[in-house]
$ cat structure_21.csv   # CSV, C-alpha atoms
chain,number,residue,atom,x,y,z
A,1,MET,CA,-21.1,10.6,-51.0
A,2,ALA,CA,-21.6,14.3,-51.7
A,3,THR,CA,-23.5,14.7,-48.4
A,4,LEU,CA,-20.8,12.8,-46.5
A,5,ARG,CA,-18.1,15.0,-48.1
A,6,LEU,CA,-20.0,18.1,-47.1
A,7,LYS,CA,-20.3,17.0,-43.5
A,8,GLN,CA,-16.5,16.3,-43.4
A,9,GLU,CA,-15.8,19.7,-44.8
A,10,ARG,CA,-18.0,21.3,-42.1
A,11,LEU,CA,-16.4,19.2,-39.4
A,12,GLY,CA,-12.8,20.0,-40.5
A,13,PRO,CA,-12.7,23.6,-39.1
A,14,LEU,CA,-14.5,22.5,-36.0
A,15,ARG,CA,-12.0,19.8,-35.2
A,16,ARG,CA,-9.1,22.2,-35.8
A,17,ARG,CA,-10.7,24.6,-33.3
A,18,GLU,CA,-11.2,21.8,-30.8
A,19,ALA,CA,-7.5,20.7,-31.3
A,20,ARG,CA,-6.3,24.3,-30.7
A,21,ALA,CA,-8.5,24.7,-27.7
A,22,GLY,CA,-7.3,21.4,-26.2
A,23,LEU,CA,-3.7,22.4,-26.8
A,24,LEU,CA,-4.2,25.8,-25.1
A,25,PHE,CA,-5.8,24.0,-22.1
A,26,THR,CA,-2.9,21.6,-21.8
A,27,LEU,CA,-0.2,24.1,-22.6
A,28,PRO,CA,0.3,25.2,-18.9
A,29,TRP,CA,0.8,21.6,-17.9
A,30,LEU,CA,3.2,21.0,-20.8
A,31,ILE,CA,5.3,24.1,-19.9
A,32,SER,CA,5.4,23.0,-16.3
A,33,LEU,CA,6.5,19.5,-17.3
A,34,LEU,CA,9.3,20.8,-19.5
A,35,VAL,CA,10.5,23.5,-17.1
A,36,PHE,CA,10.1,21.9,-13.7
A,37,THR,CA,10.6,18.2,-14.5
A,38,ALA,CA,12.3,17.5,-17.9
A,39,TYR,CA,14.9,20.3,-17.7
A,40,PRO,CA,16.0,19.6,-14.1
A,41,VAL,CA,16.3,15.8,-14.8
A,42,LEU,CA,18.4,16.4,-17.9
A,43,GLY,CA,20.4,19.1,-16.0
A,44,THR,CA,21.1,16.6,-13.2
A,45,PHE,CA,22.4,14.0,-15.6
A,46,SER,CA,24.7,16.6,-17.2
A,47,LEU,CA,25.9,18.0,-13.9
A,48,ALA,CA,26.8,14.5,-12.6
A,49,PHE,CA,29.9,14.6,-14.8
A,50,THR,CA,31.1,18.0,-13.6
A,51,GLU,CA,32.6,19.7,-10.6
A,52,TYR,CA,30.2,22.4,-9.8
A,53,ALA,CA,30.2,24.6,-6.6
A,54,ILE,CA,27.2,26.7,-7.5
A,55,VAL,CA,29.1,30.0,-7.6
A,56,ASP,CA,31.6,28.7,-10.3
A,57,THR,CA,31.1,27.5,-13.8
A,58,PRO,CA,30.7,23.7,-14.1
A,59,ARG,CA,33.9,22.0,-15.0
A,60,TRP,CA,33.8,18.7,-16.9
A,61,ILE,CA,35.5,15.9,-14.9
A,62,GLY,CA,34.0,12.8,-16.5
A,63,LEU,CA,33.5,9.8,-14.2
A,64,ASP,CA,35.5,11.2,-11.2
A,65,ASN,CA,32.3,11.8,-9.2
A,66,PHE,CA,31.3,8.2,-9.5
A,67,ARG,CA,34.8,7.0,-8.7
A,68,THR,CA,34.8,9.1,-5.5
A,69,MET,CA,31.4,7.8,-4.7
A,70,PHE,CA,32.2,4.1,-4.9
A,71,GLN,CA,35.8,4.2,-3.7
A,72,ASP,CA,36.5,7.1,-1.5
A,73,ASP,CA,33.3,8.1,0.2
A,74,PRO,CA,32.4,5.9,3.2
A,75,ALA,CA,29.2,8.0,3.8
A,76,PHE,CA,27.9,6.7,0.5
A,77,TRP,CA,27.9,3.1,1.6
A,78,THR,CA,26.5,4.1,5.0
A,79,ALA,CA,23.6,5.9,3.3
A,80,VAL,CA,23.0,2.9,1.0
A,81,ARG,CA,22.9,0.5,4.0
A,82,ASN,CA,20.6,2.7,6.0
A,83,SER,CA,18.2,3.3,3.1
A,84,ALA,CA,18.1,-0.5,2.3
A,85,ILE,CA,17.4,-1.4,5.9
A,86,TYR,CA,14.7,1.2,6.2
A,87,ALA,CA,13.1,0.1,2.9
A,88,GLY,CA,13.3,-3.6,3.8
A,89,LEU,CA,11.5,-2.9,7.2
A,90,SER,CA,9.1,-0.2,6.3
A,91,VAL,CA,7.7,-1.4,3.0
A,92,PRO,CA,6.4,-4.8,4.2
A,93,LEU,CA,5.1,-3.4,7.5
A,94,ARG,CA,3.3,-0.6,5.7
A,95,LEU,CA,1.7,-3.0,3.2
A,96,GLY,CA,0.7,-5.5,5.9
A,97,LEU,CA,-0.8,-2.9,8.2
A,98,ALA,CA,-2.5,-1.0,5.4
A,99,LEU,CA,-4.1,-4.2,4.2
A,100,GLY,CA,-5.3,-5.1,7.7
A,101,LEU,CA,-6.8,-1.6,8.2
A,102,ALA,CA,-8.5,-1.8,4.8
A,103,MET,CA,-10.1,-5.1,5.7
A,104,LEU,CA,-11.4,-3.6,9.0
A,105,LEU,CA,-12.7,-0.6,7.1
A,106,ASN,CA,-14.4,-2.9,4.6
A,107,LEU,CA,-16.7,-4.2,7.3
A,108,GLY,CA,-20.3,-3.1,6.8
A,109,ILE,CA,-20.7,-1.7,10.3
A,110,ARG,CA,-22.5,1.5,11.3
A,111,GLY,CA,-20.5,4.7,11.1
A,112,ILE,CA,-17.7,3.1,9.1
A,113,GLY,CA,-17.3,6.3,7.0
A,114,ILE,CA,-16.2,8.2,10.1
A,115,TYR,CA,-13.5,5.6,10.8
A,116,ARG,CA,-12.3,5.8,7.2
A,117,ALA,CA,-11.9,9.5,7.5
A,118,LEU,CA,-10.1,9.2,10.8
A,119,PHE,CA,-7.6,6.7,9.4
A,120,TYR,CA,-6.9,9.0,6.4
A,121,LEU,CA,-6.4,12.2,8.4
A,122,PRO,CA,-2.8,11.4,9.6
A,123,SER,CA,-1.6,11.3,6.0
A,124,LEU,CA,-2.5,15.0,5.7
A,125,VAL,CA,-0.2,16.0,8.6
A,126,PRO,CA,3.1,17.6,7.3
A,127,PRO,CA,6.0,15.1,7.8
A,128,ILE,CA,8.0,17.6,9.8
A,129,ALA,CA,5.2,18.2,12.3
A,130,ALA,CA,4.5,14.5,12.7
A,131,THR,CA,8.2,13.8,13.3
A,132,LEU,CA,8.4,16.5,16.0
A,133,VAL,CA,5.4,15.1,17.7
A,134,PHE,CA,6.9,11.5,17.6
A,135,VAL,CA,10.2,12.7,19.0
A,136,GLN,CA,8.3,14.1,22.0
A,137,MET,CA,6.2,10.9,22.3
A,138,PHE,CA,9.3,8.7,22.2
A,139,SER,CA,11.4,10.8,24.6
A,140,PRO,CA,12.9,8.6,27.4
A,141,ASP,CA,12.4,11.4,29.9
A,142,TYR,CA,8.7,12.4,29.5
A,143,GLY,CA,7.4,10.6,26.5
A,144,PRO,CA,4.2,8.4,26.9
A,145,ILE,CA,5.8,5.5,25.1
A,146,ASP,CA,8.6,4.9,27.6
A,147,ALA,CA,6.2,5.8,30.4
A,148,ALA,CA,4.0,2.9,29.3
A,149,PHE,CA,7.1,0.6,29.2
A,150,GLN,CA,8.0,1.6,32.7
A,151,ALA,CA,4.5,1.0,33.9
A,152,VAL,CA,4.7,-2.7,32.8
A,153,GLY,CA,8.2,-3.2,34.0
A,154,LEU,CA,10.0,-2.9,30.7
A,155,PRO,CA,13.3,-1.0,30.2
A,156,THR,CA,13.1,2.4,28.6
A,157,ILE,CA,14.7,2.9,25.1
A,158,ASP,CA,16.5,6.0,24.0
A,159,TRP,CA,14.8,5.8,20.6
A,160,PHE,CA,16.4,8.7,18.7
A,161,ASP,CA,19.7,8.8,20.5
A,162,ASP,CA,20.6,5.1,20.3
A,163,PRO,CA,22.1,4.0,16.9
A,164,SER,CA,20.6,0.5,17.5
A,165,TRP,CA,17.0,1.9,17.7
A,166,SER,CA,17.0,5.1,15.6
A,167,LYS,CA,16.1,3.4,12.3
A,168,VAL,CA,13.5,1.3,14.1
A,169,ALA,CA,12.0,4.6,15.4
A,170,LEU,CA,12.0,6.0,11.8
A,171,VAL,CA,10.2,2.8,10.6
A,172,ILE,CA,7.6,3.2,13.3
A,173,LEU,CA,7.2,6.8,12.4
A,174,SER,CA,6.6,5.8,8.7
A,175,LEU,CA,3.6,3.8,9.8
A,176,TRP,CA,1.9,7.0,10.9
A,177,SER,CA,0.7,8.0,7.4
A,178,LEU,CA,-1.0,4.9,6.0
A,179,GLY,CA,-4.1,6.7,4.7
A,180,VAL,CA,-3.3,6.5,1.0
A,181,GLU,CA,-2.3,2.8,0.9
A,182,THR,CA,-5.3,1.9,3.1
A,183,LEU,CA,-7.7,3.6,0.7
A,184,VAL,CA,-6.1,2.0,-2.3
A,185,PHE,CA,-6.4,-1.4,-0.6
A,186,LEU,CA,-10.0,-0.6,0.4
A,187,ALA,CA,-10.8,0.2,-3.3
A,188,GLY,CA,-9.3,-3.1,-4.3
A,189,LEU,CA,-11.3,-5.0,-1.7
A,190,LYS,CA,-14.5,-3.4,-2.9
A,191,ASP,CA,-13.8,-4.8,-6.4
A,192,VAL,CA,-13.5,-8.4,-5.3
A,193,PRO,CA,-16.5,-10.2,-6.7
A,194,SER,CA,-18.8,-11.3,-3.9
A,195,ASP,CA,-20.0,-14.3,-5.8
A,196,LEU,CA,-16.5,-15.8,-5.8
A,197,ILE,CA,-16.3,-15.5,-2.0
A,198,GLU,CA,-19.8,-16.9,-1.6
A,199,ALA,CA,-18.9,-19.8,-3.9
A,200,ALA,CA,-15.8,-20.6,-1.8
A,201,GLN,CA,-17.9,-20.4,1.3
A,202,LEU,CA,-20.4,-22.9,-0.1
A,203,ASP,CA,-17.5,-25.2,-0.9
A,204,GLY,CA,-16.6,-25.2,2.8
A,205,ALA,CA,-13.6,-22.9,2.6
A,206,SER,CA,-12.6,-21.3,5.9
A,207,ARG,CA,-12.3,-17.6,6.3
A,208,TRP,CA,-8.5,-17.8,6.0
A,209,ARG,CA,-8.7,-19.9,2.9
A,210,ARG,CA,-11.2,-17.5,1.3
A,211,PHE,CA,-8.8,-14.7,2.1
A,212,MET,CA,-5.8,-16.4,0.7
A,213,ASP,CA,-7.3,-18.2,-2.3
A,214,VAL,CA,-9.9,-15.6,-3.4
A,215,THR,CA,-9.3,-12.1,-1.9
A,216,VAL,CA,-5.5,-12.0,-2.2
A,217,PRO,CA,-5.3,-13.1,-5.8
A,218,MET,CA,-8.0,-10.6,-6.8
A,219,ILE,CA,-6.1,-7.7,-5.2
A,220,THR,CA,-2.6,-8.5,-6.4
A,221,PRO,CA,-2.7,-5.6,-8.9
A,222,VAL,CA,-3.4,-3.3,-6.0
A,223,ILE,CA,-0.6,-4.9,-3.9
A,224,LEU,CA,1.7,-4.4,-6.9
A,225,PHE,CA,0.8,-0.7,-7.1
A,226,ASN,CA,1.3,-0.1,-3.4
A,227,LEU,CA,4.5,-2.1,-3.4
A,228,VAL,CA,6.0,0.0,-6.2
A,229,ILE,CA,4.9,3.3,-4.7
A,230,GLY,CA,6.2,2.2,-1.3
A,231,VAL,CA,9.6,1.2,-2.5
A,232,ILE,CA,10.0,4.4,-4.4
A,233,GLY,CA,8.9,6.5,-1.4
A,234,SER,CA,11.1,4.5,1.1
A,235,PHE,CA,14.3,5.3,-0.9
A,236,GLN,CA,13.3,9.0,-1.0
A,237,VAL,CA,12.6,9.5,2.8
A,238,PHE,CA,14.1,12.9,3.7
A,239,SER,CA,12.0,15.1,6.0
A,240,GLN,CA,11.7,12.6,8.9
A,241,ALA,CA,15.4,11.7,8.8
A,242,VAL,CA,16.5,15.3,8.7
A,243,ALA,CA,14.2,16.3,11.6
A,244,VAL,CA,15.5,13.4,13.7
A,245,GLY,CA,19.3,13.3,12.9
A,246,GLY,CA,20.0,16.5,10.9
A,247,THR,CA,22.3,16.4,7.9
A,248,THR,CA,24.9,14.4,9.8
A,249,GLY,CA,22.5,11.5,10.4
A,250,GLU,CA,22.8,11.5,14.2
A,251,PRO,CA,23.3,9.3,16.1
A,252,LEU,CA,26.5,8.1,14.5
A,253,GLU,CA,25.1,8.4,11.0
A,254,SER,CA,22.4,5.8,11.7
A,255,THR,CA,19.7,8.0,10.2
A,256,LEU,CA,21.8,9.2,7.3
A,257,MET,CA,19.5,8.3,4.4
A,258,PHE,CA,20.4,8.6,0.8
A,259,MET,CA,18.3,11.7,0.2
A,260,VAL,CA,19.9,13.3,3.2
A,261,LEU,CA,23.4,12.6,1.8
A,262,ILE,CA,22.4,14.2,-1.5
A,263,TYR,CA,21.1,17.3,0.4
A,264,ARG,CA,24.2,17.5,2.5
A,265,ASN,CA,26.6,17.5,-0.4
A,266,ALA,CA,24.5,19.9,-2.4
A,267,PHE,CA,23.7,22.6,0.2
A,268,SER,CA,26.2,22.0,3.1
A,269,TYR,CA,29.3,21.2,1.0
A,270,PHE,CA,28.1,23.0,-2.2
A,271,ALA,CA,29.3,20.0,-4.2
A,272,MET,CA,26.5,20.2,-6.6
A,273,GLY,CA,28.1,18.0,-9.2
A,274,TYR,CA,28.8,15.2,-6.7
A,275,ALA,CA,25.2,15.6,-5.4
A,276,ALA,CA,23.9,15.3,-9.0
A,277,ALA,CA,25.9,12.1,-9.4
A,278,LEU,CA,24.4,10.7,-6.2
A,279,ALA,CA,20.9,11.6,-7.5
A,280,VAL,CA,21.6,9.8,-10.8
A,281,VAL,CA,22.7,6.7,-8.9
A,282,LEU,CA,19.6,6.8,-6.8
A,283,PHE,CA,17.4,7.2,-9.8
A,284,LEU,CA,19.0,4.2,-11.6
A,285,SER,CA,18.9,2.1,-8.5
A,286,VAL,CA,15.2,2.7,-7.9
A,287,LEU,CA,14.5,2.2,-11.6
A,288,MET,CA,16.3,-1.2,-11.5
A,289,VAL,CA,14.4,-2.3,-8.4
A,290,THR,CA,11.1,-1.2,-9.9
A,291,LEU,CA,11.8,-3.1,-13.1
A,292,VAL,CA,12.6,-6.2,-11.1
A,293,ILE,CA,9.3,-5.9,-9.3
A,294,PHE,CA,7.4,-5.5,-12.5
A,295,ARG,CA,9.3,-8.5,-14.0
A,296,SER,CA,8.3,-10.6,-11.0
A,297,ALA,CA,4.7,-9.4,-11.3
A,298,ARG,CA,4.3,-11.8,-14.2
A,299,VAL,CA,4.5,-14.7,-11.7
A,300,TRP,CA,2.3,-13.5,-8.8
A,301,VAL,CA,0.0,-10.7,-10.1
A,302,TYR,CA,-3.4,-12.0,-11.3
A,303,TYR,CA,-5.6,-10.0,-13.7
A,304,GLU,CA,-9.2,-10.9,-14.1
A,305,GLY,CA,-9.6,-12.9,-17.3
A,306,SER,CA,-5.9,-13.9,-17.6
A,307,GLN,CA,-4.8,-17.5,-17.8
A,308,ARG,CA,-2.7,-19.1,-15.0
$ encode --input "structure_21.csv" --output "structure tokens"
Amino acid sequence: MATLRLKQERLGPLRRREARAGLLFTLPWLISLLVFTAYPVLGTFSLAFTEYAIVDTPRWIGLDNFRTMFQDDPAFWTAVRNSAIYAGLSVPLRLGLALGLAMLLNLGIRGIGIYRALFYLPSLVPPIAATLVFVQMFSPDYGPIDAAFQAVGLPTIDWFDDPSWSKVALVILSLWSLGVETLVFLAGLKDVPSDLIEAAQLDGASRWRRFMDVTVPMITPVILFNLVIGVIGSFQVFSQAVAVGGTTGEPLESTLMFMVLIYRNAFSYFAMGYAAALAVVLFLSVLMVTLVIFRSARVWVYYEGSQR
């Protein structure tokens, strides 16, 4: 007992020094979290109940910003509709295409590492640069996309000037950067036990049944992760929409996404209080959708060792 007590007394100062060292190493991150994340979030919630034009002192107006938003601002509902349509189209397409690419990259063929790098590289391109390139590619006058349509006898489409096609063009543009989702799916496919697939194959299961009954259930946690990240990102699309339609959401507000509406009110109209209220509504909406997804995950997400 005396020896143990002596060891504890010796370890006491050492543990305190290690704790101080750990705190010093994490202090920059803690300061950054408080200054650049926690403080802006709390400030946004407080400004949502004020009238604030940046140059003036914030004036408390209660729920007036939210009444204006839901009752008197048609641009709000336009942005909600555009963002919902964009999310409903882009998220499933991104998930399906990323999973398909991951399955191709999971093939044990020669030089597959080069293809993995090539599929990931587009995600490193800045969104504005990628958007400007896509605008040129989809140009009805000299773009290669419409030129290919003309070559096969199809009519050309004014992608970014036609309200009926502008959101479709933004969705196609969103499929450009699938590198992160593809790598996440690829990591999930690598973790699928090969003995389960071999057992299903010995039982006579076809390739499709092996995929649906073995592979998909085993990667449902990865699907959940990409789904949540995709939903959050789809409601926060900004750079591409601004590059295509500006802060007015041209053509005819068809590209007016919710983040663009927040930016327009904050930095074009200098209605910082109203923009903060919009940001709060966006945060709460995304939070609710995310909670619904996690709630539904109890039904369709399978974790190894869990009971069904």
$ atom_distance --input "structure_21.csv" --atom1 "CA of Thr220 in chain A" --atom2 "CA of Met103 in chain A"
14.6 Å
$ closest_residue --input "structure_21.csv" --among "A:Ala276, A:Leu287, A:Tyr303, A:Gly113" --to "Val192 in chain A" --atoms "all atoms listed in the file"
A:Tyr303
$ residues_around --input "structure_21.csv" --residues "Gly188 in chain A" --least-positions-apart "2" --cutoff "10 Å" --atoms "all atoms listed in the file" --output "compact mmCIF listing (two decimals) with C-alpha atoms, in the coordinates of the input"
# COMPACT_ATOMS: atom_id res chain seq x y z
CA ALA A 102 -8.50 -1.80 4.80
CA THR A 182 -5.30 1.90 3.10
CA LEU A 183 -7.70 3.60 0.70
CA VAL A 184 -6.10 2.00 -2.30
CA PHE A 185 -6.40 -1.40 -0.60
CA LEU A 186 -10.00 -0.60 0.40
CA LYS A 190 -14.50 -3.40 -2.90
CA ASP A 191 -13.80 -4.80 -6.40
CA VAL A 192 -13.50 -8.40 -5.30
CA THR A 215 -9.30 -12.10 -1.90
CA VAL A 216 -5.50 -12.00 -2.20
CA MET A 218 -8.00 -10.60 -6.80
CA ILE A 219 -6.10 -7.70 -5.20
CA THR A 220 -2.60 -8.50 -6.40
CA PRO A 221 -2.70 -5.60 -8.90
CA VAL A 222 -3.40 -3.30 -6.00
CA ILE A 223 -0.60 -4.90 -3.90
$ residues_around --input "structure_21.csv" --residues "Gly96 in chain A" --least-positions-apart "3" --cutoff "12 Å" --atoms "all atoms listed in the file" --output "number ranges by chain"
A: 89-93, 99-103, 175, 178, 181-182, 185, 223, 226-227, 230
$ residues_around --input "structure_21.csv" --residues "Trp300 in chain A" --least-positions-apart "2" --cutoff "10 Å" --atoms "all atoms listed in the file" --output "PDB file with C-alpha atoms, in the coordinates of the input"
ATOM      1  CA  PRO A 217      -5.300 -13.100  -5.800  1.00  0.00           C
ATOM      2  CA  THR A 220      -2.600  -8.500  -6.400  1.00  0.00           C
ATOM      3  CA  PRO A 221      -2.700  -5.600  -8.900  1.00  0.00           C
ATOM      4  CA  LEU A 224       1.700  -4.400  -6.900  1.00  0.00           C
ATOM      5  CA  SER A 296       8.300 -10.600 -11.000  1.00  0.00           C
ATOM      6  CA  ALA A 297       4.700  -9.400 -11.300  1.00  0.00           C
ATOM      7  CA  ARG A 298       4.300 -11.800 -14.200  1.00  0.00           C
ATOM      8  CA  TYR A 302      -3.400 -12.000 -11.300  1.00  0.00           C
ATOM      9  CA  TYR A 303      -5.600 -10.000 -13.700  1.00  0.00           C
ATOM     10  CA  ARG A 308      -2.700 -19.100 -15.000  1.00  0.00           C
TER      11      ARG A 308
END
$ build_atoms --input "structure_21.csv" --residues "range 141-157 of chain A" --atoms "N, CA and C atoms" --output "PDB file, in the frame of the given file"
ATOM      1  N   ASP A 141      12.556  10.687  28.680  1.00  0.00           N
ATOM      2  CA  ASP A 141      12.400  11.400  29.900  1.00  0.00           C
ATOM      3  C   ASP A 141      10.898  11.673  30.246  1.00  0.00           C
ATOM      4  N   TYR A 142      10.127  12.086  29.239  1.00  0.00           N
ATOM      5  CA  TYR A 142       8.700  12.400  29.500  1.00  0.00           C
ATOM      6  C   TYR A 142       7.776  11.916  28.443  1.00  0.00           C
ATOM      7  N   GLY A 143       8.250  11.075  27.548  1.00  0.00           N
ATOM      8  CA  GLY A 143       7.400  10.600  26.500  1.00  0.00           C
ATOM      9  C   GLY A 143       6.438   9.497  26.988  1.00  0.00           C
ATOM     10  N   PRO A 144       5.214   9.436  26.471  1.00  0.00           N
ATOM     11  CA  PRO A 144       4.200   8.400  26.900  1.00  0.00           C
ATOM     12  C   PRO A 144       4.603   7.007  26.535  1.00  0.00           C
ATOM     13  N   ILE A 145       5.398   6.830  25.478  1.00  0.00           N
ATOM     14  CA  ILE A 145       5.800   5.500  25.100  1.00  0.00           C
ATOM     15  C   ILE A 145       6.632   4.807  26.124  1.00  0.00           C
ATOM     16  N   ASP A 146       7.711   5.476  26.521  1.00  0.00           N
ATOM     17  CA  ASP A 146       8.600   4.900  27.600  1.00  0.00           C
ATOM     18  C   ASP A 146       7.903   4.885  28.905  1.00  0.00           C
ATOM     19  N   ALA A 147       6.994   5.819  29.155  1.00  0.00           N
ATOM     20  CA  ALA A 147       6.200   5.800  30.400  1.00  0.00           C
ATOM     21  C   ALA A 147       5.376   4.525  30.473  1.00  0.00           C
ATOM     22  N   ALA A 148       4.806   4.131  29.338  1.00  0.00           N
ATOM     23  CA  ALA A 148       4.000   2.900  29.300  1.00  0.00           C
ATOM     24  C   ALA A 148       4.935   1.680  29.509  1.00  0.00           C
ATOM     25  N   PHE A 149       6.150   1.731  28.937  1.00  0.00           N
ATOM     26  CA  PHE A 149       7.100   0.600  29.200  1.00  0.00           C
ATOM     27  C   PHE A 149       7.442   0.514  30.647  1.00  0.00           C
ATOM     28  N   GLN A 150       7.692   1.635  31.298  1.00  0.00           N
ATOM     29  CA  GLN A 150       8.000   1.600  32.700  1.00  0.00           C
ATOM     30  C   GLN A 150       6.857   1.081  33.546  1.00  0.00           C
ATOM     31  N   ALA A 151       5.633   1.397  33.128  1.00  0.00           N
ATOM     32  CA  ALA A 151       4.500   1.000  33.900  1.00  0.00           C
ATOM     33  C   ALA A 151       4.309  -0.545  33.910  1.00  0.00           C
ATOM     34  N   VAL A 152       4.765  -1.214  32.843  1.00  0.00           N
ATOM     35  CA  VAL A 152       4.700  -2.700  32.800  1.00  0.00           C
ATOM     36  C   VAL A 152       5.979  -3.353  33.108  1.00  0.00           C
ATOM     37  N   GLY A 153       6.948  -2.588  33.587  1.00  0.00           N
ATOM     38  CA  GLY A 153       8.200  -3.200  34.000  1.00  0.00           C
ATOM     39  C   GLY A 153       9.235  -3.388  32.929  1.00  0.00           C
ATOM     40  N   LEU A 154       9.043  -2.785  31.739  1.00  0.00           N
ATOM     41  CA  LEU A 154      10.000  -2.900  30.700  1.00  0.00           C
ATOM     42  C   LEU A 154      11.030  -1.807  30.707  1.00  0.00           C
ATOM     43  N   PRO A 155      12.244  -2.061  30.223  1.00  0.00           N
ATOM     44  CA  PRO A 155      13.300  -1.000  30.200  1.00  0.00           C
ATOM     45  C   PRO A 155      12.924   0.075  29.196  1.00  0.00           C
ATOM     46  N   THR A 156      13.321   1.295  29.499  1.00  0.00           N
ATOM     47  CA  THR A 156      13.100   2.400  28.600  1.00  0.00           C
ATOM     48  C   THR A 156      14.165   2.345  27.444  1.00  0.00           C
ATOM     49  N   ILE A 157      13.819   2.909  26.322  1.00  0.00           N
ATOM     50  CA  ILE A 157      14.700   2.900  25.100  1.00  0.00           C
ATOM     51  C   ILE A 157      14.936   4.337  24.714  1.00  0.00           C
TER      52      ILE A 157
END
